[in-house]
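Take a look at the structure set out below.
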Amino acid sequence: MTLQMDLPTADDYPTRKTTEPSLLYRRDPVTWSRENDGPFEPDELSGYEQRGYTQVRSLVTPEEVETYMTELRRLGDDPKLREDERVVVEPASDEVRSVFEVHKISEVFSDLVNDPRLVDRARQILGTDVYVHQSRVNYKPGFGGGSFYWHSDFETWHAEDGMPRMRAVSFSVALTDNYTHNGALMIMPGSHKTFVSCVGETPDDHYKASLKSQHVGTPDQRSLSMLAERHGIDVLTGSAGDVTVFDSNCMHGSGGNITPFPRSNVFIVFNSVENTCTKPFSAGAARPEFLGATDTTPVGR
Ligand SMILES: O=C(O)CCC(=O)C(=O)O
Ligand SMILES: [Fe+2]
């Protein structure tokens, strides 16, 4: 018998490959670090392990929030940036929905992605140095900020960016108060331990449509109902300056914002330097750098 050495790496998280959805077991740890050397306390880490998320209150000071809000307005109002692919507008209102790669566009956000308050926590969860896979601001303006349908970020990063394992973590820094009524993030706690394999083939340049409203790579209603019945749904409210830290495979989403109160959050995705992206697992070509970084230089060093 001969050993074949050039077999493609097996895909533990197949998605967008068949016509039937399925629920698969997670095959990766949730927390990777063996030492308990902070900044998270052991009970925060075990909460994260169980629910797939944890919240840190007032991690960012009111003065910093003001600085980030000023920067957010500046980016949103910059007419030159409007032409940039990294700026996504709401289809209904033409208002800015998201700005991607904010850590490359803005010095203020570059400092934030290198901030030890975030990086040390990401390192503790992932057990290695980390780099930024993606950063974005989601503005969710009052009177019309659009929804984000249920999804697992990892499903997209795996299928379209070639992220091999569930070894990434997102930090959502609230720059406004997040209420139950202005489109706060919702997470099915515990859902990060199940991978929902989705149906449908990824079209070429799928990101151009999916950033406004996603259809391919969204879980089917039966799987979502099973997860919601098993886990329930948490609404992650909080004040400006609070930070929500959540696993790459949490089932999450958020409703639209018809209140007058904007809900603006900065999202930073840290990936382990041992989990750098390969070829996309279910797409023809990798997405552009601003959505899935190939620059894997560790941050905060
Ligand atoms: O801003 C939100 O409420 C959710 C955004 C989100 O899940 C995403 O951009 O992947
Ligand atoms: Fe997401």
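Labels for the structure tokens follow display order: chains A, B, ..., residues from 1 in each chain, ligands from 1.
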Quiz item: Using only C-alpha atoms and all ligand atoms, which protein or nucleic acid residues are at most 6 Å from ligand 1, as a ChimeraX atom specification?
Solution: /A:138,148,153,185,253-254
Could you give me, as a Markdown table, a per-residue list for chain A showing, wherever an atom lies at most 9 Å from an atom of ligand 2, the closest pair of atoms and their distance in Å to one decimal, using only C-alpha atoms and all ligand atoms and sorting by chain then residue number from low to high?
```
| residue | atom | partner | partner_atom_place_in_ligand_line | distance |
| --- | --- | --- | --- | --- |
| A:Phe148 | CA | ligand 2 | 1 (Fe) | 7.6 |
| A:Tyr149 | CA | ligand 2 | 1 (Fe) | 8.7 |
| A:Trp150 | CA | ligand 2 | 1 (Fe) | 8.0 |
| A:His151 | CA | ligand 2 | 1 (Fe) | 6.3 |
| A:Ser152 | CA | ligand 2 | 1 (Fe) | 6.3 |
| A:Asp153 | CA | ligand 2 | 1 (Fe) | 4.8 |
| A:Phe154 | CA | ligand 2 | 1 (Fe) | 8.6 |
| A:Ser170 | CA | ligand 2 | 1 (Fe) | 8.8 |
| A:Ser248 | CA | ligand 2 | 1 (Fe) | 8.3 |
| A:Cys250 | CA | ligand 2 | 1 (Fe) | 8.5 |
| A:Met251 | CA | ligand 2 | 1 (Fe) | 8.3 |
| A:His252 | CA | ligand 2 | 1 (Fe) | 6.4 |
| A:Gly253 | CA | ligand 2 | 1 (Fe) | 6.6 |
```
Could the residues in this selection be saved with N, CA and C atoms as a PDB file, in the first residue's frame?
```
ATOM      1  N   PHE A 148     -28.901  42.905  10.172  1.00  0.00           N
ATOM      2  CA  PHE A 148     -27.909  41.902   9.760  1.00  0.00           C
ATOM      3  C   PHE A 148     -28.549  40.548  10.055  1.00  0.00           C
ATOM      4  N   TYR A 149     -28.842  39.805   9.003  1.00  0.00           N
ATOM      5  CA  TYR A 149     -29.549  38.526   9.181  1.00  0.00           C
ATOM      6  C   TYR A 149     -28.654  37.542   9.943  1.00  0.00           C
ATOM      7  N   TRP A 150     -29.271  36.525  10.544  1.00  0.00           N
ATOM      8  CA  TRP A 150     -28.535  35.499  11.299  1.00  0.00           C
ATOM      9  C   TRP A 150     -27.403  34.900  10.472  1.00  0.00           C
ATOM     10  N   HIS A 151     -26.249  34.794  11.075  1.00  0.00           N
ATOM     11  CA  HIS A 151     -25.120  34.143  10.403  1.00  0.00           C
ATOM     12  C   HIS A 151     -24.042  33.785  11.417  1.00  0.00           C
ATOM     13  N   SER A 152     -23.139  32.920  10.973  1.00  0.00           N
ATOM     14  CA  SER A 152     -21.881  32.681  11.682  1.00  0.00           C
ATOM     15  C   SER A 152     -20.802  33.345  10.848  1.00  0.00           C
ATOM     16  N   ASP A 153     -20.008  34.221  11.459  1.00  0.00           N
ATOM     17  CA  ASP A 153     -18.922  34.861  10.705  1.00  0.00           C
ATOM     18  C   ASP A 153     -17.958  33.807  10.163  1.00  0.00           C
ATOM     19  N   PHE A 154     -17.690  32.785  10.990  1.00  0.00           N
ATOM     20  CA  PHE A 154     -16.722  31.770  10.574  1.00  0.00           C
ATOM     21  C   PHE A 154     -17.155  31.090   9.283  1.00  0.00           C
ATOM     22  N   SER A 170     -13.983  38.062  17.761  1.00  0.00           N
ATOM     23  CA  SER A 170     -14.385  39.422  17.401  1.00  0.00           C
ATOM     24  C   SER A 170     -14.583  40.269  18.648  1.00  0.00           C
ATOM     25  N   SER A 248     -15.857  33.274  16.819  1.00  0.00           N
ATOM     26  CA  SER A 248     -16.078  33.387  15.367  1.00  0.00           C
ATOM     27  C   SER A 248     -17.288  32.596  14.879  1.00  0.00           C
ATOM     28  N   CYS A 250     -20.237  32.031  16.627  1.00  0.00           N
ATOM     29  CA  CYS A 250     -21.540  32.322  17.270  1.00  0.00           C
ATOM     30  C   CYS A 250     -22.597  32.565  16.210  1.00  0.00           C
ATOM     31  N   MET A 251     -23.792  32.032  16.431  1.00  0.00           N
ATOM     32  CA  MET A 251     -24.917  32.389  15.560  1.00  0.00           C
ATOM     33  C   MET A 251     -25.441  33.732  16.057  1.00  0.00           C
ATOM     34  N   HIS A 252     -25.346  34.741  15.198  1.00  0.00           N
ATOM     35  CA  HIS A 252     -25.703  36.087  15.648  1.00  0.00           C
ATOM     36  C   HIS A 252     -26.334  36.899  14.530  1.00  0.00           C
ATOM     37  N   GLY A 253     -26.906  38.018  14.900  1.00  0.00           N
ATOM     38  CA  GLY A 253     -27.520  38.915  13.928  1.00  0.00           C
ATOM     39  C   GLY A 253     -28.062  40.108  14.686  1.00  0.00           C
TER      40      GLY A 253
END
```
Quiz item: Contacts of A:Leu59 at 7 Å or less, counting only C-alpha atoms, minus same-chain residues fewer than 4 places along, as a list of chain:residue names?
Solution: A:Gly241, A:Asp242, A:Val243
Keeping N, CA, C and O atoms, export the residues of the selection given above as a JSON list (two decimals), in the first residue's frame.
```
[["chain", "number", "residue", "atom", "x", "y", "z"],
["A", 241, "GLY", "N", -18.72, 52.43, 25.21],
["A", 241, "GLY", "CA", -17.50, 52.11, 25.95],
["A", 241, "GLY", "C", -17.43, 50.65, 26.38],
["A", 241, "GLY", "O", -16.37, 50.13, 26.72],
["A", 242, "ASP", "N", -18.58, 49.97, 26.36],
["A", 242, "ASP", "CA", -18.58, 48.52, 26.68],
["A", 242, "ASP", "C", -18.08, 47.75, 25.45],
["A", 242, "ASP", "O", -18.26, 48.18, 24.31],
["A", 243, "VAL", "N", -17.51, 46.59, 25.73],
["A", 243, "VAL", "CA", -17.00, 45.77, 24.63],
["A", 243, "VAL", "C", -17.57, 44.36, 24.74],
["A", 243, "VAL", "O", -17.59, 43.77, 25.82]]
```
Fewer than 5 positions away in the same chain doesn't count, so skip those; otherwise give me all residues within 10 Å of A:Glu49, counting only C-alpha atoms, as a PDB file with C-alpha atoms, in the first residue's frame.
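Wrote result05.pdb, looks like this:
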```
ATOM      1  CA  PRO A  29     -11.387  24.381  21.280  1.00  0.00           C
ATOM      2  CA  VAL A  30     -13.119  27.641  22.197  1.00  0.00           C
ATOM      3  CA  THR A  31     -10.305  28.923  24.408  1.00  0.00           C
ATOM      4  CA  ASP A  43     -15.024  32.968  35.459  1.00  0.00           C
ATOM      5  CA  GLU A  44     -15.104  35.365  32.486  1.00  0.00           C
ATOM      6  CA  THR A  54     -18.487  37.784  27.238  1.00  0.00           C
ATOM      7  CA  ILE A 125      -8.385  33.403  24.217  1.00  0.00           C
ATOM      8  CA  GLY A 190     -23.867  28.126  23.068  1.00  0.00           C
ATOM      9  CA  HIS A 192     -20.724  28.442  18.707  1.00  0.00           C
ATOM     10  CA  LYS A 193     -20.333  24.705  19.393  1.00  0.00           C
ATOM     11  CA  PHE A 246     -17.525  36.818  20.786  1.00  0.00           C
ATOM     12  CA  ASP A 247     -16.379  33.613  19.155  1.00  0.00           C
TER      13      ASP A 247
END
```
Quiz item: Hey, which of A:Thr237, A:Thr18, A:Pro39, A:Glu229 ends up closest to A:Ala122? Count only C-alpha atoms.
Solution: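 The closest residue to A:Ala122 is A:Pro39.
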Each residue of stretch 60-178 of chain A with at least one atom at most 10 Å from stretch 201-206 of chain A should appear once, together with its nearest atom pair and the corresponding distance in Å (one decimal); atoms considered: only C-alpha atoms; ordering: chain, then increasing residue number; output as CSV.
```
residue,atom,partner,partner_atom,distance
A:Thr156,CA,A:Thr202,CA,9.9
A:Ala159,CA,A:Thr202,CA,8.3
A:Glu160,CA,A:Thr202,CA,8.0
```
Exercise. Could you tell me which of A:Val196, A:Met163, A:Val169, A:Val130 comes closest to A:Arg26 if we count only C-alpha atoms?
Key: A:Val196
Go through stretch 139-207 of chain A and flag each residue having an atom no more than 9 Å from stretch 79-95 of chain A; for those, report the closest pair of atoms plus their distance in Å to one decimal, using only C-alpha atoms, ordered by chain and rising number, as JSON lines.
```
{"residue": "A:Pro141", "atom": "CA", "partner": "A:Glu95", "partner_atom": "CA", "distance": 7.9}
{"residue": "A:Gly144", "atom": "CA", "partner": "A:Ser93", "partner_atom": "CA", "distance": 7.2}
{"residue": "A:Gly145", "atom": "CA", "partner": "A:Glu90", "partner_atom": "CA", "distance": 7.4}
{"residue": "A:Gly146", "atom": "CA", "partner": "A:Glu90", "partner_atom": "CA", "distance": 6.8}
```
Quiz item: By how many Å are atom CA of A:His158 and atom CA of A:Asp120 apart?
Solution: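 We find that atom CA of A:His158 and atom CA of A:Asp120 lie 24.6 Å from each other.
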Exercise. Go through stretch 153-208 of chain A and collect every residue that DSSP, computed from the backbone, puts in strand (DSSP E or B); the answer should be as a list of chain:residue names.
Key: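 These are the residues in question: A:Ala168, A:Val169, A:Ser170, A:Phe171, A:Ser172, A:Val173, A:Ala174, A:Asn178, A:Leu185, A:Met186, A:Ile187, A:Thr194, A:Phe195, A:Val196, A:Ser197.
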Exercise. Considering only C-alpha atoms, state which residue in the set A:Arg121, A:Arg34, A:Lys104, A:Arg74 is at the smallest distance from A:Gln55.
Key: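 When distances to A:Gln55 are compared using only C-alpha atoms, the smallest one comes from A:Arg121.
Minimum distance to A:Asn265 across A:Val99, A:Ala174, A:Leu118, A:Val199 (counting only C-alpha atoms) occurs at A:Ala174.
Minimum atom-to-atom distances from A:Arg222, A:Thr180, A:Asn249, A:Asp111 to A:Phe195 were compared using only C-alpha atoms, and the lowest value belongs to A:Asn249.
Note that atom CA of A:Phe109 and atom CA of A:Val299 are 12.5 Å apart.
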Practice problem: Have a look at atom CA of A:Pro260 and atom CA of A:Gly232 and let me know their distance in Å, one decimal. | Solution: 28.1 Å
Hey, what's within 10 Å of A:Ser239 if we count only C-alpha atoms and toss same-chain stuff fewer than 5 positions away? As a tab-separated table (two decimals) with all heavy atoms, in the first residue's frame, please?
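Below is the file part-v7.tsv, written as the result:
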```tsv
chain	number	residue	atom	x	y	z
A	57	ARG	N	-17.45	45.67	30.65
A	57	ARG	CA	-18.06	47.00	30.80
A	57	ARG	C	-16.99	48.09	30.87
A	57	ARG	O	-15.94	47.88	31.49
A	57	ARG	CB	-18.93	47.06	32.08
A	57	ARG	CG	-20.02	45.99	32.14
A	57	ARG	CD	-21.10	46.22	31.10
A	57	ARG	NE	-22.05	45.09	31.06
A	57	ARG	CZ	-22.93	44.90	30.09
A	57	ARG	NH1	-23.01	45.72	29.06
A	57	ARG	NH2	-23.74	43.86	30.12
A	58	SER	N	-17.26	49.23	30.26
A	58	SER	CA	-16.41	50.42	30.35
A	58	SER	C	-14.94	50.13	30.06
A	58	SER	O	-14.06	50.63	30.76
A	58	SER	CB	-16.51	51.06	31.74
A	58	SER	OG	-17.84	51.31	32.07
A	173	VAL	N	-16.77	47.07	19.89
A	173	VAL	CA	-16.65	48.20	20.82
A	173	VAL	C	-17.85	49.11	20.58
A	173	VAL	O	-18.02	49.64	19.48
A	173	VAL	CB	-15.34	48.98	20.57
A	173	VAL	CG1	-15.20	50.13	21.56
A	173	VAL	CG2	-14.14	48.04	20.65
A	174	ALA	N	-18.69	49.27	21.60
A	174	ALA	CA	-19.89	50.12	21.46
A	174	ALA	C	-19.48	51.59	21.54
A	174	ALA	O	-18.87	52.01	22.53
A	174	ALA	CB	-20.89	49.78	22.55
A	175	LEU	N	-19.84	52.34	20.52
A	175	LEU	CA	-19.55	53.78	20.53
A	175	LEU	C	-20.80	54.59	20.85
A	175	LEU	O	-20.74	55.80	21.06
A	175	LEU	CB	-18.96	54.22	19.19
A	175	LEU	CG	-17.65	53.53	18.82
A	175	LEU	CD1	-17.08	54.11	17.55
A	175	LEU	CD2	-16.63	53.64	19.95
A	176	THR	N	-21.96	53.92	20.83
A	176	THR	CA	-23.20	54.53	21.30
A	176	THR	C	-23.80	53.52	22.27
A	176	THR	O	-23.36	52.36	22.31
A	176	THR	CB	-24.21	54.72	20.15
A	176	THR	OG1	-24.55	53.42	19.63
A	176	THR	CG2	-23.65	55.59	19.04
A	177	ASP	N	-24.80	53.92	23.01
A	177	ASP	CA	-25.52	52.95	23.83
A	177	ASP	C	-26.22	51.95	22.91
A	177	ASP	O	-26.74	52.33	21.86
A	177	ASP	CB	-26.54	53.66	24.72
A	177	ASP	CG	-25.87	54.52	25.80
A	177	ASP	OD1	-24.63	54.34	26.01
A	177	ASP	OD2	-26.54	55.36	26.40
A	178	ASN	N	-26.19	50.70	23.29
A	178	ASN	CA	-26.88	49.63	22.54
A	178	ASN	C	-28.08	49.21	23.38
A	178	ASN	O	-27.94	48.61	24.45
A	178	ASN	CB	-25.96	48.42	22.34
A	178	ASN	CG	-24.92	48.61	21.24
A	178	ASN	OD1	-24.66	47.69	20.46
A	178	ASN	ND2	-24.28	49.77	21.17
A	179	TYR	N	-29.28	49.56	22.90
A	179	TYR	CA	-30.51	49.21	23.61
A	179	TYR	C	-31.15	47.98	22.96
A	179	TYR	O	-30.77	47.58	21.86
A	179	TYR	CB	-31.51	50.37	23.52
A	179	TYR	CG	-30.99	51.70	24.00
A	179	TYR	CD1	-30.72	52.72	23.09
A	179	TYR	CD2	-30.79	51.95	25.35
A	179	TYR	CE1	-30.27	53.97	23.52
A	179	TYR	CE2	-30.34	53.19	25.78
A	179	TYR	CZ	-30.08	54.19	24.86
A	179	TYR	OH	-29.63	55.41	25.28
```
Practice problem: Could you check which of A:Ser223, A:Ser282, A:Gln124, A:Ser135 is closest to A:Ser106, using only C-alpha atoms? | Solution: A:Ser135
Self-check item: DSSP-assigned helix (DSSP H, G or I) among stretch 70-146 of chain A, expressed as a PyMOL selection string
Solution: chain A and resi 70-77+79-82+102-105+107-113+116-126
